[in-house]
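Here's the structure we're looking at; comments come further down.
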Amino acid sequence: MGIIASSLSRRDAAVKPIPRRDRGTTEEYEVMFFEEERLGPAALEARGDRFMSIGRHRRGWSPDISRLFEEAATSYVLAEKWRKAAQAFSEQARYDLQFDDEGELSAASALLRCAKCYNQIEEKEAGEIAATKHALEKAIALFVKKNNLHLAATSCVDLAEFYREHQQLHNALYSYEQAADYYGANRRRNRHCRFKANLLRFTLANQEMLHVKGLVHIKDYKRRSGIYIKSSDPDWRARVRSLFDSTSIVQPWM
């Protein structure tokens, strides 16, 4: 399980600094655990800004620097600053990709998380829409290259949902089928993606009839599904935890 997912799952853990080593020196690295610390949105955003500033001023490659961007993004997620969170994950990916094979898997995970954060923005700008698509496509390519087909499939599902939202149904159908292929022996997820693909195939073949019957437009499905994460929701902590668990490089069941 990833560092963030682990910290979010340990509900009874005390908040303690984590020592980290960087070129022989030991520094204290704060643990983000929002329940115990009870940080409000402003404090969480300030923490994210601080981590971003530190990360941008570091040089060389180290997993600790990548983690600074990850911690910044987590702070922004918990503060519901989705644009800042997406940018932080994007910077983490860009940082990791400077170092070729060493950082590619971490970059792929960051790109998937970046896209998920953009998806939480209800009114996206054109540049953000393009960035979402690019992040998912790049994540898929990297996960396939690193042979992490489970997360490649997860990214394909998100890309299919992106295409559905923008009514590019042929592309959505292809992405669902690609996801099913990557899920392989995972029969439940494989069948789910095949079902989604077949549903789109039926929709494409019967668009005129469905329109006449006045069925819900494809573009409205996302808003009606209530997927946006809000701190006012009773299960928002579980949904935030799920966001990180589902994008961690090492899945909790592996």
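Following the order of the structure tokens, chains are lettered A, B, ..., residues in each are numbered from 1, and ligands are numbered from 1.
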List the spatial neighbours of region 38-44 of chain A as an mmCIF file with all heavy atoms, in the first residue's frame - criterion: any atom at most 9 Å away, only C-alpha atoms, same-chain residues fewer than 3 positions off excluded.
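For reference, result.cif as written:
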```cif
data_model
loop_
_atom_site.group_PDB
_atom_site.id
_atom_site.type_symbol
_atom_site.label_atom_id
_atom_site.label_comp_id
_atom_site.auth_asym_id
_atom_site.auth_seq_id
_atom_site.Cartn_x
_atom_site.Cartn_y
_atom_site.Cartn_z
ATOM 1 N N PHE A 33 -2.160 13.496 8.968
ATOM 2 C CA PHE A 33 -3.278 12.687 9.466
ATOM 3 C C PHE A 33 -4.336 13.639 9.994
ATOM 4 O O PHE A 33 -4.284 14.129 11.113
ATOM 5 C CB PHE A 33 -2.830 11.712 10.546
ATOM 6 C CG PHE A 33 -3.772 10.557 10.663
ATOM 7 C CD1 PHE A 33 -3.644 9.477 9.801
ATOM 8 C CD2 PHE A 33 -4.808 10.570 11.563
ATOM 9 C CE1 PHE A 33 -4.531 8.426 9.869
ATOM 10 C CE2 PHE A 33 -5.700 9.519 11.639
ATOM 11 C CZ PHE A 33 -5.567 8.444 10.794
ATOM 12 N N PHE A 34 -5.314 13.947 9.120
ATOM 13 C CA PHE A 34 -6.191 15.072 9.330
ATOM 14 C C PHE A 34 -7.168 14.877 10.472
ATOM 15 O O PHE A 34 -7.599 15.841 11.085
ATOM 16 C CB PHE A 34 -6.955 15.391 8.047
ATOM 17 C CG PHE A 34 -7.724 14.230 7.486
ATOM 18 C CD1 PHE A 34 -9.063 14.094 7.745
ATOM 19 C CD2 PHE A 34 -7.090 13.290 6.699
ATOM 20 C CE1 PHE A 34 -9.772 13.031 7.222
ATOM 21 C CE2 PHE A 34 -7.788 12.228 6.178
ATOM 22 C CZ PHE A 34 -9.139 12.091 6.441
ATOM 23 N N GLU A 35 -7.542 13.635 10.847
ATOM 24 C CA GLU A 35 -8.516 13.452 11.914
ATOM 25 C C GLU A 35 -7.934 13.888 13.252
ATOM 26 O O GLU A 35 -8.566 14.623 14.003
ATOM 27 C CB GLU A 35 -8.955 11.984 11.988
ATOM 28 C CG GLU A 35 -10.151 11.678 11.125
ATOM 29 C CD GLU A 35 -10.788 10.353 11.519
ATOM 30 O OE1 GLU A 35 -10.095 9.511 12.082
ATOM 31 O OE2 GLU A 35 -11.983 10.207 11.242
ATOM 32 N N ARG A 47 -0.255 24.086 4.352
ATOM 33 C CA ARG A 47 0.700 22.984 4.424
ATOM 34 C C ARG A 47 1.063 22.532 3.008
ATOM 35 O O ARG A 47 2.234 22.286 2.703
ATOM 36 C CB ARG A 47 0.104 21.819 5.208
ATOM 37 C CG ARG A 47 0.939 20.547 5.121
ATOM 38 C CD ARG A 47 0.355 19.438 5.963
ATOM 39 N NE ARG A 47 0.794 19.571 7.340
ATOM 40 C CZ ARG A 47 0.440 18.744 8.315
ATOM 41 N NH1 ARG A 47 -0.396 17.765 8.054
ATOM 42 N NH2 ARG A 47 0.899 18.899 9.530
ATOM 43 N N GLY A 48 0.062 22.438 2.150
ATOM 44 C CA GLY A 48 0.343 22.059 0.767
ATOM 45 C C GLY A 48 1.267 23.055 0.087
ATOM 46 O O GLY A 48 2.208 22.659 -0.608
ATOM 47 N N ASP A 49 1.011 24.327 0.287
ATOM 48 C CA ASP A 49 1.873 25.358 -0.295
ATOM 49 C C ASP A 49 3.307 25.226 0.207
ATOM 50 O O ASP A 49 4.262 25.411 -0.562
ATOM 51 C CB ASP A 49 1.331 26.750 0.058
ATOM 52 C CG ASP A 49 0.013 27.073 -0.629
ATOM 53 O OD1 ASP A 49 -0.340 26.387 -1.603
ATOM 54 O OD2 ASP A 49 -0.666 28.015 -0.167
ATOM 55 N N ALA A 72 2.032 17.450 -0.636
ATOM 56 C CA ALA A 72 1.366 18.708 -0.968
ATOM 57 C C ALA A 72 0.017 18.423 -1.607
ATOM 58 O O ALA A 72 -1.006 19.023 -1.234
ATOM 59 C CB ALA A 72 2.237 19.534 -1.909
ATOM 60 N N THR A 74 -1.816 15.765 -1.313
ATOM 61 C CA THR A 74 -2.737 15.209 -0.323
ATOM 62 C C THR A 74 -3.363 16.306 0.519
ATOM 63 O O THR A 74 -4.560 16.281 0.811
ATOM 64 C CB THR A 74 -1.992 14.229 0.601
ATOM 65 O OG1 THR A 74 -1.280 13.288 -0.184
ATOM 66 C CG2 THR A 74 -2.978 13.483 1.495
ATOM 67 N N SER A 75 -2.559 17.278 0.905
ATOM 68 C CA SER A 75 -3.085 18.410 1.679
ATOM 69 C C SER A 75 -4.167 19.136 0.895
ATOM 70 O O SER A 75 -5.229 19.472 1.434
ATOM 71 C CB SER A 75 -1.957 19.387 2.030
ATOM 72 O OG SER A 75 -0.978 18.766 2.828
ATOM 73 N N TYR A 76 -3.909 19.368 -0.379
ATOM 74 C CA TYR A 76 -4.888 20.075 -1.212
ATOM 75 C C TYR A 76 -6.162 19.243 -1.393
ATOM 76 O O TYR A 76 -7.271 19.788 -1.413
ATOM 77 C CB TYR A 76 -4.284 20.380 -2.579
ATOM 78 C CG TYR A 76 -3.147 21.368 -2.566
ATOM 79 C CD1 TYR A 76 -2.015 21.172 -3.371
ATOM 80 C CD2 TYR A 76 -3.189 22.504 -1.760
ATOM 81 C CE1 TYR A 76 -0.969 22.083 -3.376
ATOM 82 C CE2 TYR A 76 -2.136 23.418 -1.750
ATOM 83 C CZ TYR A 76 -1.035 23.198 -2.557
ATOM 84 O OH TYR A 76 0.009 24.095 -2.566
ATOM 85 N N VAL A 77 -6.008 17.916 -1.529
ATOM 86 C CA VAL A 77 -7.186 17.055 -1.655
ATOM 87 C C VAL A 77 -8.069 17.190 -0.418
ATOM 88 O O VAL A 77 -9.289 17.352 -0.514
ATOM 89 C CB VAL A 77 -6.775 15.586 -1.861
ATOM 90 C CG1 VAL A 77 -7.957 14.645 -1.637
ATOM 91 C CG2 VAL A 77 -6.219 15.383 -3.271
ATOM 92 N N LEU A 78 -7.455 17.107 0.754
ATOM 93 C CA LEU A 78 -8.217 17.177 1.995
ATOM 94 C C LEU A 78 -8.828 18.562 2.206
ATOM 95 O O LEU A 78 -9.851 18.696 2.880
ATOM 96 C CB LEU A 78 -7.328 16.808 3.181
ATOM 97 C CG LEU A 78 -6.775 15.375 3.152
ATOM 98 C CD1 LEU A 78 -5.816 15.148 4.303
ATOM 99 C CD2 LEU A 78 -7.908 14.366 3.190
ATOM 100 N N ALA A 79 -8.221 19.583 1.607
ATOM 101 C CA ALA A 79 -8.776 20.935 1.672
ATOM 102 C C ALA A 79 -9.770 21.192 0.548
ATOM 103 O O ALA A 79 -10.349 22.276 0.462
ATOM 104 C CB ALA A 79 -7.651 21.973 1.605
ATOM 105 N N GLU A 80 -9.970 20.189 -0.318
ATOM 106 C CA GLU A 80 -10.847 20.302 -1.484
ATOM 107 C C GLU A 80 -10.385 21.388 -2.456
ATOM 108 O O GLU A 80 -11.184 22.029 -3.129
ATOM 109 C CB GLU A 80 -12.298 20.548 -1.070
ATOM 110 C CG GLU A 80 -12.908 19.410 -0.268
ATOM 111 C CD GLU A 80 -14.350 19.674 0.108
ATOM 112 O OE1 GLU A 80 -15.201 19.771 -0.798
ATOM 113 O OE2 GLU A 80 -14.623 19.794 1.315
ATOM 114 N N LYS A 81 -9.081 21.568 -2.534
ATOM 115 C CA LYS A 81 -8.471 22.478 -3.504
ATOM 116 C C LYS A 81 -8.024 21.626 -4.693
ATOM 117 O O LYS A 81 -6.841 21.309 -4.867
ATOM 118 C CB LYS A 81 -7.291 23.229 -2.888
ATOM 119 C CG LYS A 81 -7.663 24.086 -1.695
ATOM 120 C CD LYS A 81 -8.600 25.219 -2.092
ATOM 121 C CE LYS A 81 -8.945 26.116 -0.917
ATOM 122 N NZ LYS A 81 -9.875 27.204 -1.290
#
```
(request) Could you tell me which of A:Phe244, A:Phe195, A:Phe202, A:Tyr182 comes closest to His170 (chain A) if we count only C-alpha atoms? (result)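 Smallest distance to His170 (chain A) is found for A:Phe202.
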(message) Could you tell me how far CA of Glu123 (chain A) sits from CA of Ala141 (chain A), in Å to one decimal place?
(response)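 Going from CA of Ala141 (chain A) over to CA of Glu123 (chain A), I get 27.4 Å.
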DSSP alpha helix (DSSP H) residues within region 11-174 of chain A, as a compact mmCIF listing (two decimals) with N, CA and C atoms, in the first residue's frame:
```txt
# COMPACT_ATOMS: atom_id res chain seq x y z
N PHE A 34 -5.31 13.95 9.12
CA PHE A 34 -6.19 15.07 9.33
C PHE A 34 -7.17 14.88 10.47
N GLU A 35 -7.54 13.63 10.85
CA GLU A 35 -8.52 13.45 11.91
C GLU A 35 -7.93 13.89 13.25
N GLU A 36 -6.71 13.39 13.57
CA GLU A 36 -6.11 13.72 14.86
C GLU A 36 -5.75 15.20 14.95
N GLU A 37 -5.22 15.73 13.88
CA GLU A 37 -4.75 17.11 13.93
C GLU A 37 -5.89 18.12 13.75
N PRO A 41 -9.48 23.67 6.31
CA PRO A 41 -9.07 23.83 4.91
C PRO A 41 -7.93 24.82 4.72
N ALA A 42 -7.96 25.95 5.44
CA ALA A 42 -6.91 26.96 5.27
C ALA A 42 -5.56 26.43 5.71
N ALA A 43 -5.53 25.72 6.84
CA ALA A 43 -4.26 25.16 7.33
C ALA A 43 -3.76 24.06 6.41
N LEU A 44 -4.66 23.26 5.90
CA LEU A 44 -4.26 22.21 4.97
C LEU A 44 -3.70 22.80 3.68
N GLU A 45 -4.35 23.85 3.17
CA GLU A 45 -3.84 24.50 1.96
C GLU A 45 -2.47 25.12 2.21
N ALA A 46 -2.28 25.72 3.38
CA ALA A 46 -0.98 26.32 3.71
C ALA A 46 0.09 25.25 3.80
N ARG A 47 -0.26 24.09 4.35
CA ARG A 47 0.70 22.98 4.42
C ARG A 47 1.06 22.53 3.01
N GLY A 48 0.06 22.44 2.15
CA GLY A 48 0.34 22.06 0.77
C GLY A 48 1.27 23.05 0.09
N ASP A 49 1.01 24.33 0.29
CA ASP A 49 1.87 25.36 -0.29
C ASP A 49 3.31 25.23 0.21
N ARG A 50 3.45 24.91 1.50
CA ARG A 50 4.79 24.77 2.07
C ARG A 50 5.54 23.60 1.44
N PHE A 51 4.87 22.46 1.33
CA PHE A 51 5.52 21.30 0.73
C PHE A 51 5.87 21.55 -0.73
N MET A 52 4.99 22.24 -1.46
CA MET A 52 5.27 22.55 -2.86
C MET A 52 6.51 23.42 -2.97
N SER A 53 6.62 24.42 -2.12
CA SER A 53 7.76 25.33 -2.16
C SER A 53 9.06 24.58 -1.88
N ILE A 54 9.03 23.69 -0.89
CA ILE A 54 10.23 22.91 -0.56
C ILE A 54 10.62 22.02 -1.74
N GLY A 55 9.62 21.33 -2.30
CA GLY A 55 9.90 20.42 -3.41
C GLY A 55 10.48 21.12 -4.62
N ARG A 56 9.98 22.31 -4.92
CA ARG A 56 10.45 23.03 -6.10
C ARG A 56 11.87 23.54 -5.95
N HIS A 57 12.35 23.67 -4.72
CA HIS A 57 13.68 24.20 -4.50
C HIS A 57 14.74 23.11 -4.30
N PRO A 63 13.42 9.87 -3.83
CA PRO A 63 12.01 9.59 -3.57
C PRO A 63 11.41 10.55 -2.55
N ASP A 64 12.27 11.13 -1.70
CA ASP A 64 11.77 12.08 -0.71
C ASP A 64 11.27 13.37 -1.36
N ILE A 65 11.91 13.79 -2.45
CA ILE A 65 11.45 14.99 -3.15
C ILE A 65 10.13 14.71 -3.84
N SER A 66 10.04 13.54 -4.47
CA SER A 66 8.77 13.14 -5.08
C SER A 66 7.67 13.12 -4.04
N ARG A 67 8.01 12.65 -2.85
CA ARG A 67 7.03 12.55 -1.78
C ARG A 67 6.57 13.93 -1.30
N LEU A 68 7.44 14.93 -1.39
CA LEU A 68 7.03 16.29 -1.02
C LEU A 68 5.85 16.75 -1.87
N PHE A 69 5.94 16.51 -3.18
CA PHE A 69 4.83 16.88 -4.07
C PHE A 69 3.59 16.05 -3.75
N GLU A 70 3.80 14.78 -3.42
CA GLU A 70 2.67 13.91 -3.07
C GLU A 70 1.98 14.39 -1.80
N GLU A 71 2.77 14.77 -0.80
CA GLU A 71 2.19 15.28 0.45
C GLU A 71 1.47 16.61 0.22
N ALA A 72 2.03 17.45 -0.64
CA ALA A 72 1.37 18.71 -0.97
C ALA A 72 0.02 18.42 -1.61
N ALA A 73 0.01 17.50 -2.55
CA ALA A 73 -1.24 17.15 -3.23
C ALA A 73 -2.27 16.60 -2.26
N THR A 74 -1.82 15.77 -1.31
CA THR A 74 -2.74 15.21 -0.32
C THR A 74 -3.36 16.31 0.52
N SER A 75 -2.56 17.28 0.91
CA SER A 75 -3.08 18.41 1.68
C SER A 75 -4.17 19.14 0.89
N TYR A 76 -3.91 19.37 -0.38
CA TYR A 76 -4.89 20.08 -1.21
C TYR A 76 -6.16 19.24 -1.39
N VAL A 77 -6.01 17.92 -1.53
CA VAL A 77 -7.19 17.05 -1.65
C VAL A 77 -8.07 17.19 -0.42
N LEU A 78 -7.45 17.11 0.75
CA LEU A 78 -8.22 17.18 1.99
C LEU A 78 -8.83 18.56 2.21
N TRP A 82 -9.00 21.24 -5.51
CA TRP A 82 -8.75 20.23 -6.53
C TRP A 82 -7.80 20.69 -7.62
N ARG A 83 -7.86 21.95 -7.98
CA ARG A 83 -6.95 22.45 -9.02
C ARG A 83 -5.50 22.40 -8.52
N LYS A 84 -5.30 22.82 -7.29
CA LYS A 84 -3.95 22.77 -6.72
C LYS A 84 -3.49 21.33 -6.56
N ALA A 85 -4.40 20.44 -6.18
CA ALA A 85 -4.04 19.04 -6.03
C ALA A 85 -3.61 18.45 -7.37
N ALA A 86 -4.38 18.74 -8.42
CA ALA A 86 -4.03 18.24 -9.74
C ALA A 86 -2.67 18.76 -10.18
N GLN A 87 -2.41 20.04 -9.93
CA GLN A 87 -1.13 20.63 -10.31
C GLN A 87 0.02 19.98 -9.54
N ALA A 88 -0.20 19.71 -8.25
CA ALA A 88 0.86 19.09 -7.44
C ALA A 88 1.18 17.69 -7.94
N PHE A 89 0.14 16.91 -8.25
CA PHE A 89 0.38 15.57 -8.79
C PHE A 89 1.07 15.65 -10.16
N SER A 90 0.70 16.65 -10.95
CA SER A 90 1.33 16.84 -12.25
C SER A 90 2.81 17.16 -12.09
N GLU A 91 3.13 17.99 -11.11
CA GLU A 91 4.54 18.33 -10.87
C GLU A 91 5.30 17.12 -10.34
N GLN A 92 4.64 16.30 -9.52
CA GLN A 92 5.28 15.08 -9.05
C GLN A 92 5.63 14.19 -10.25
N ALA A 93 4.69 14.03 -11.17
CA ALA A 93 4.92 13.20 -12.34
C ALA A 93 6.05 13.77 -13.20
N ARG A 94 6.01 15.08 -13.42
CA ARG A 94 7.04 15.72 -14.23
C ARG A 94 8.42 15.55 -13.60
N TYR A 95 8.47 15.65 -12.28
CA TYR A 95 9.74 15.46 -11.56
C TYR A 95 10.23 14.02 -11.73
N ASP A 96 9.34 13.05 -11.49
CA ASP A 96 9.74 11.64 -11.58
C ASP A 96 10.19 11.25 -12.98
N LEU A 97 9.55 11.83 -14.01
CA LEU A 97 9.87 11.46 -15.39
C LEU A 97 11.23 11.97 -15.85
N GLU A 104 9.32 6.11 -13.36
CA GLU A 104 8.18 6.00 -14.28
C GLU A 104 6.91 5.48 -13.60
N LEU A 105 7.04 4.51 -12.71
CA LEU A 105 5.87 3.95 -12.07
C LEU A 105 5.24 4.96 -11.12
N SER A 106 6.07 5.68 -10.38
CA SER A 106 5.58 6.73 -9.50
C SER A 106 4.91 7.83 -10.32
N ALA A 107 5.49 8.17 -11.45
CA ALA A 107 4.91 9.20 -12.33
C ALA A 107 3.55 8.76 -12.85
N ALA A 108 3.43 7.50 -13.23
CA ALA A 108 2.15 7.00 -13.74
C ALA A 108 1.06 7.11 -12.68
N SER A 109 1.39 6.73 -11.45
CA SER A 109 0.41 6.83 -10.36
C SER A 109 0.02 8.28 -10.12
N ALA A 110 1.00 9.18 -10.16
CA ALA A 110 0.72 10.61 -9.95
C ALA A 110 -0.16 11.17 -11.06
N LEU A 111 0.06 10.73 -12.30
CA LEU A 111 -0.76 11.20 -13.42
C LEU A 111 -2.21 10.72 -13.28
N LEU A 112 -2.39 9.48 -12.84
CA LEU A 112 -3.74 8.97 -12.62
C LEU A 112 -4.44 9.77 -11.53
N ARG A 113 -3.72 10.07 -10.46
CA ARG A 113 -4.30 10.87 -9.38
C ARG A 113 -4.58 12.30 -9.84
N CYS A 114 -3.71 12.83 -10.68
CA CYS A 114 -3.92 14.16 -11.25
C CYS A 114 -5.24 14.21 -12.00
N ALA A 115 -5.48 13.20 -12.83
CA ALA A 115 -6.72 13.15 -13.61
C ALA A 115 -7.93 13.04 -12.70
N LYS A 116 -7.82 12.23 -11.64
CA LYS A 116 -8.94 12.07 -10.72
C LYS A 116 -9.26 13.39 -10.01
N CYS A 117 -8.22 14.17 -9.73
CA CYS A 117 -8.46 15.48 -9.10
C CYS A 117 -9.14 16.44 -10.09
N TYR A 118 -8.68 16.44 -11.32
CA TYR A 118 -9.36 17.28 -12.32
C TYR A 118 -10.82 16.88 -12.46
N ASN A 119 -11.11 15.59 -12.33
CA ASN A 119 -12.50 15.13 -12.45
C ASN A 119 -13.39 15.64 -11.33
N ALA A 126 -11.03 24.72 -20.58
CA ALA A 126 -10.61 23.91 -21.73
C ALA A 126 -9.24 23.28 -21.50
N GLY A 127 -8.33 24.04 -20.92
CA GLY A 127 -6.99 23.52 -20.66
C GLY A 127 -7.00 22.37 -19.67
N GLU A 128 -7.90 22.43 -18.70
CA GLU A 128 -8.00 21.37 -17.69
C GLU A 128 -8.60 20.11 -18.30
N ILE A 129 -9.52 20.26 -19.22
CA ILE A 129 -10.10 19.11 -19.91
C ILE A 129 -9.01 18.41 -20.72
N ALA A 130 -8.22 19.19 -21.45
CA ALA A 130 -7.14 18.61 -22.23
C ALA A 130 -6.09 17.94 -21.34
N ALA A 131 -5.81 18.57 -20.18
CA ALA A 131 -4.82 18.02 -19.25
C ALA A 131 -5.30 16.70 -18.67
N THR A 132 -6.59 16.58 -18.42
CA THR A 132 -7.15 15.33 -17.89
C THR A 132 -6.93 14.20 -18.87
N LYS A 133 -7.27 14.43 -20.12
CA LYS A 133 -7.10 13.41 -21.16
C LYS A 133 -5.64 13.03 -21.33
N HIS A 134 -4.77 14.03 -21.37
CA HIS A 134 -3.33 13.78 -21.54
C HIS A 134 -2.79 12.96 -20.37
N ALA A 135 -3.18 13.31 -19.14
CA ALA A 135 -2.69 12.61 -17.96
C ALA A 135 -3.09 11.14 -17.99
N LEU A 136 -4.32 10.85 -18.37
CA LEU A 136 -4.79 9.47 -18.43
C LEU A 136 -4.09 8.68 -19.53
N GLU A 137 -3.93 9.28 -20.69
CA GLU A 137 -3.26 8.59 -21.80
C GLU A 137 -1.80 8.28 -21.45
N LYS A 138 -1.13 9.25 -20.83
CA LYS A 138 0.27 9.04 -20.43
C LYS A 138 0.36 7.99 -19.33
N ALA A 139 -0.58 8.02 -18.38
CA ALA A 139 -0.58 7.03 -17.30
C ALA A 139 -0.74 5.63 -17.86
N ILE A 140 -1.67 5.45 -18.80
CA ILE A 140 -1.90 4.14 -19.41
C ILE A 140 -0.61 3.64 -20.07
N ALA A 141 0.01 4.49 -20.86
CA ALA A 141 1.24 4.09 -21.56
C ALA A 141 2.33 3.67 -20.57
N LEU A 142 2.48 4.41 -19.48
CA LEU A 142 3.53 4.10 -18.51
C LEU A 142 3.20 2.82 -17.74
N PHE A 143 1.95 2.65 -17.33
CA PHE A 143 1.58 1.43 -16.61
C PHE A 143 1.78 0.19 -17.48
N VAL A 144 1.42 0.29 -18.76
CA VAL A 144 1.63 -0.84 -19.67
C VAL A 144 3.12 -1.12 -19.83
N LYS A 145 3.90 -0.08 -19.98
CA LYS A 145 5.35 -0.24 -20.12
C LYS A 145 5.95 -0.93 -18.90
N LEU A 149 -0.69 -3.94 -15.23
CA LEU A 149 -1.90 -3.93 -16.05
C LEU A 149 -3.15 -3.60 -15.24
N HIS A 150 -3.11 -3.85 -13.94
CA HIS A 150 -4.28 -3.50 -13.12
C HIS A 150 -4.51 -1.99 -13.14
N LEU A 151 -3.46 -1.21 -12.90
CA LEU A 151 -3.62 0.24 -12.91
C LEU A 151 -3.75 0.78 -14.33
N ALA A 152 -3.22 0.07 -15.31
CA ALA A 152 -3.48 0.45 -16.70
C ALA A 152 -4.97 0.34 -16.98
N ALA A 153 -5.59 -0.74 -16.48
CA ALA A 153 -7.03 -0.92 -16.66
C ALA A 153 -7.82 0.15 -15.92
N THR A 154 -7.41 0.46 -14.69
CA THR A 154 -8.07 1.53 -13.93
C THR A 154 -8.03 2.85 -14.69
N SER A 155 -6.88 3.15 -15.28
CA SER A 155 -6.74 4.38 -16.06
C SER A 155 -7.61 4.35 -17.30
N CYS A 156 -7.72 3.18 -17.94
CA CYS A 156 -8.59 3.05 -19.12
C CYS A 156 -10.05 3.29 -18.77
N VAL A 157 -10.48 2.79 -17.61
CA VAL A 157 -11.86 3.03 -17.18
C VAL A 157 -12.10 4.53 -16.98
N ASP A 158 -11.15 5.21 -16.34
CA ASP A 158 -11.29 6.65 -16.15
C ASP A 158 -11.32 7.39 -17.49
N LEU A 159 -10.49 6.92 -18.44
CA LEU A 159 -10.49 7.55 -19.76
C LEU A 159 -11.82 7.30 -20.47
N ALA A 160 -12.37 6.10 -20.30
CA ALA A 160 -13.68 5.80 -20.89
C ALA A 160 -14.76 6.72 -20.31
N GLU A 161 -14.70 6.95 -18.99
CA GLU A 161 -15.66 7.85 -18.35
C GLU A 161 -15.48 9.28 -18.87
N PHE A 162 -14.22 9.65 -19.09
CA PHE A 162 -13.94 10.98 -19.67
C PHE A 162 -14.60 11.10 -21.04
N TYR A 163 -14.42 10.09 -21.88
CA TYR A 163 -15.01 10.12 -23.22
C TYR A 163 -16.54 10.13 -23.15
N ARG A 164 -17.10 9.39 -22.22
CA ARG A 164 -18.56 9.39 -22.07
C ARG A 164 -19.07 10.78 -21.70
N GLU A 165 -18.36 11.42 -20.78
CA GLU A 165 -18.76 12.75 -20.36
C GLU A 165 -18.77 13.72 -21.53
N LEU A 169 -18.47 8.57 -27.79
CA LEU A 169 -18.88 7.23 -27.39
C LEU A 169 -18.05 6.12 -28.03
N HIS A 170 -17.60 6.33 -29.27
CA HIS A 170 -16.77 5.32 -29.91
C HIS A 170 -15.45 5.15 -29.14
N ASN A 171 -14.87 6.28 -28.73
CA ASN A 171 -13.63 6.23 -27.96
C ASN A 171 -13.86 5.59 -26.59
N ALA A 172 -15.01 5.91 -25.98
CA ALA A 172 -15.34 5.33 -24.69
C ALA A 172 -15.47 3.81 -24.79
N LEU A 173 -16.15 3.36 -25.84
CA LEU A 173 -16.33 1.92 -26.07
C LEU A 173 -14.96 1.23 -26.18
N TYR A 174 -14.07 1.81 -26.97
CA TYR A 174 -12.73 1.23 -27.14
C TYR A 174 -11.98 1.18 -25.81
```
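Across the model, the gap from CA of Tyr228 (chain A) to CA of Ile121 (chain A) is 8.1 Å.
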Write out as a short mmCIF file (atom, residue, chain, number, x, y, z; two decimals) with N, CA and C atoms, in the first residue's frame which residues come within 10 Å of Asn198 (chain A) when counting only C-alpha atoms, dropping same-chain ones fewer than 6 positions away.
```
data_model
loop_
_atom_site.label_atom_id
_atom_site.label_comp_id
_atom_site.auth_asym_id
_atom_site.auth_seq_id
_atom_site.Cartn_x
_atom_site.Cartn_y
_atom_site.Cartn_z
N LEU A 173 -16.15 3.36 -25.84
CA LEU A 173 -16.33 1.92 -26.07
C LEU A 173 -14.96 1.23 -26.18
N TYR A 176 -13.20 1.04 -22.73
CA TYR A 176 -13.75 -0.01 -21.86
C TYR A 176 -13.25 -1.39 -22.30
N GLU A 177 -13.19 -1.63 -23.61
CA GLU A 177 -12.71 -2.92 -24.09
C GLU A 177 -11.23 -3.10 -23.77
N HIS A 192 -17.57 -6.46 -16.05
CA HIS A 192 -18.16 -5.13 -15.88
C HIS A 192 -17.80 -4.23 -17.05
N LEU A 204 -24.97 3.40 -29.35
CA LEU A 204 -24.56 3.92 -30.64
C LEU A 204 -25.45 3.40 -31.77
#
```
